[in-house]
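Colleague: What follows is a structure written as structure tokens; I'll ask about it next.
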Amino acid sequence: QLDSAGQCTRAAFGVGGVASTPLDFPDLARQVIGYRIDEGVAREVSELAAARTAPSPDVHADARYRRHLCSVLLERAILSAASAAASQS
């Protein structure tokens, strides 16, 4: 959720597929409140979230790749959500 100045007033996000259960990051979501969500903010938060994951490797991808993918997809999701919130403000 964004205010009229485009600053985040409410946020929540999580990821799936990098642990045995979905993970949420309420402390990281709170860190973006009061900021404009741009690429830098989204990247920083998504990298911090991905660093907290412990994905298991399998025949399709190793843990490092899964962590990277988590970061990239979460960054995209955060930016998409911010864009959608901006269009509703």
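Quick note on naming: the chains in the structure tokens go A, B, ... in the order shown, residues restart at 1 in each chain, and ligands are numbered from 1 in order of appearance.
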Run DSSP on the backbone of this structure and report the residues of chain A it assigns to alpha helix (DSSP H), as a ChimeraX atom specification.
Modeller: /A:26-31,39-51,63-88
Colleague: Leaving out Val18 of chain A and any residue of its chain fewer than 5 positions from it, which residues lie within 9 Å of it when counting only C-alpha atoms, given as a count of residues only?
Modeller: 10
Colleague: Excluding same-chain residues fewer than 4 positions from Glu75 of chain A, what lies within 12 Å of it counting only C-alpha atoms, as a list in words?
Modeller: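 My list of contacting residues is Phe13, Gly14, Val15, Ile37, Asp38, Glu39, Gly40, Val41, Ala42, Arg43, Glu44, Val45, Ser46, Glu47, Leu48, Ala49, Ala50, His68, Leu69, Cys70, Ser71, Leu79, Ser80, Ala81 and Ala82 of chain A.
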Colleague: Those selected residues, please, written with C-alpha atoms and delivered as an mmCIF file, in the first residue's frame.
Modeller:
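File written: part39.cif
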data_model
loop_
_atom_site.group_PDB
_atom_site.id
_atom_site.type_symbol
_atom_site.label_atom_id
_atom_site.label_comp_id
_atom_site.auth_asym_id
_atom_site.auth_seq_id
_atom_site.Cartn_x
_atom_site.Cartn_y
_atom_site.Cartn_z
ATOM 1 C CA PHE A 13 5.792 -10.675 1.120
ATOM 2 C CA GLY A 14 7.067 -14.210 1.170
ATOM 3 C CA VAL A 15 8.528 -16.909 -1.022
ATOM 4 C CA ILE A 37 9.681 1.273 -3.687
ATOM 5 C CA ASP A 38 12.170 1.535 -6.532
ATOM 6 C CA GLU A 39 14.571 -0.965 -8.081
ATOM 7 C CA GLY A 40 17.253 -0.330 -5.464
ATOM 8 C CA VAL A 41 14.925 -0.886 -2.509
ATOM 9 C CA ALA A 42 13.341 -3.958 -4.104
ATOM 10 C CA ARG A 43 16.741 -5.446 -4.941
ATOM 11 C CA GLU A 44 18.159 -4.873 -1.472
ATOM 12 C CA VAL A 45 15.160 -6.406 0.293
ATOM 13 C CA SER A 46 14.959 -9.362 -2.080
ATOM 14 C CA GLU A 47 18.663 -10.118 -1.682
ATOM 15 C CA LEU A 48 18.338 -10.010 2.115
ATOM 16 C CA ALA A 49 15.345 -12.353 1.951
ATOM 17 C CA ALA A 50 17.100 -14.767 -0.410
ATOM 18 C CA HIS A 68 19.570 -16.330 -6.936
ATOM 19 C CA LEU A 69 16.257 -17.147 -8.610
ATOM 20 C CA CYS A 70 14.447 -16.411 -5.342
ATOM 21 C CA SER A 71 16.063 -12.965 -5.220
ATOM 22 C CA LEU A 79 8.204 -3.976 -8.117
ATOM 23 C CA SER A 80 5.015 -5.321 -9.707
ATOM 24 C CA ALA A 81 3.091 -4.917 -6.445
ATOM 25 C CA ALA A 82 4.412 -1.378 -6.004
#
Colleague: Between atom CA of Ser20 of chain A and atom CA of Gln1 of chain A, what is the distance, to one decimal in Å?
Modeller: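 Spanning atom CA of Ser20 of chain A to atom CA of Gln1 of chain A is a straight-line distance of 29.2 Å.
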Colleague: Residues of chain A classed as strand (DSSP E or B) by DSSP on the backbone are to be reported as number ranges by chain.
Modeller: A: 2, 7-8, 14-15, 23-24, 36
Colleague: Hey, what's within 9 Å of Gly6 of chain A if we count only C-alpha atoms and toss same-chain stuff fewer than 3 positions away? As a PyMOL selection string, please?
Modeller: chain A and resi 1-3+9+35-37+82+85-86+89
Colleague: What does the distance between atom CA of Ala19 of chain A and atom CA of Gly34 of chain A come to in Å, to one decimal place?
Modeller: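 Spanning atom CA of Ala19 of chain A to atom CA of Gly34 of chain A is a straight-line distance of 29.8 Å.
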Colleague: Got a sec: who's within 8 Å of Ile33 of chain A, counting only C-alpha atoms, leaving out chain neighbours fewer than 6 positions off, as an MDAnalysis selection string?
Modeller: chainID A and resid 7:11
Colleague: For those residues, write C-alpha atoms to a file as a compact mmCIF listing (two decimals), in the first residue's frame.
Modeller:
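Once written, again.txt looks like this:
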# COMPACT_ATOMS: atom_id res chain seq x y z
CA GLN A 7 5.74 6.01 -0.04
CA CYS A 8 5.00 2.53 1.24
CA THR A 9 2.56 2.43 4.16
CA ARG A 10 2.01 -1.33 4.33
CA ALA A 11 3.89 -4.32 2.95
Colleague: Given only C-alpha atoms as the basis, pick out the residue of A:Ala12, A:Ala84, A:Ala5, A:Ala77 nearest to Gln31 of chain A.
Modeller: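 For Gln31 of chain A, the nearest of the given residues is A:Ala12.
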Colleague: Name the closest residue to Leu28 of chain A among the candidates A:Val72, A:Ile78, A:Gly16, A:Pro57; distances are taken between atoms, counting only C-alpha atoms.
Modeller: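 Looking only at the distances to Leu28 of chain A, the closest residue turns out to be A:Ile78.
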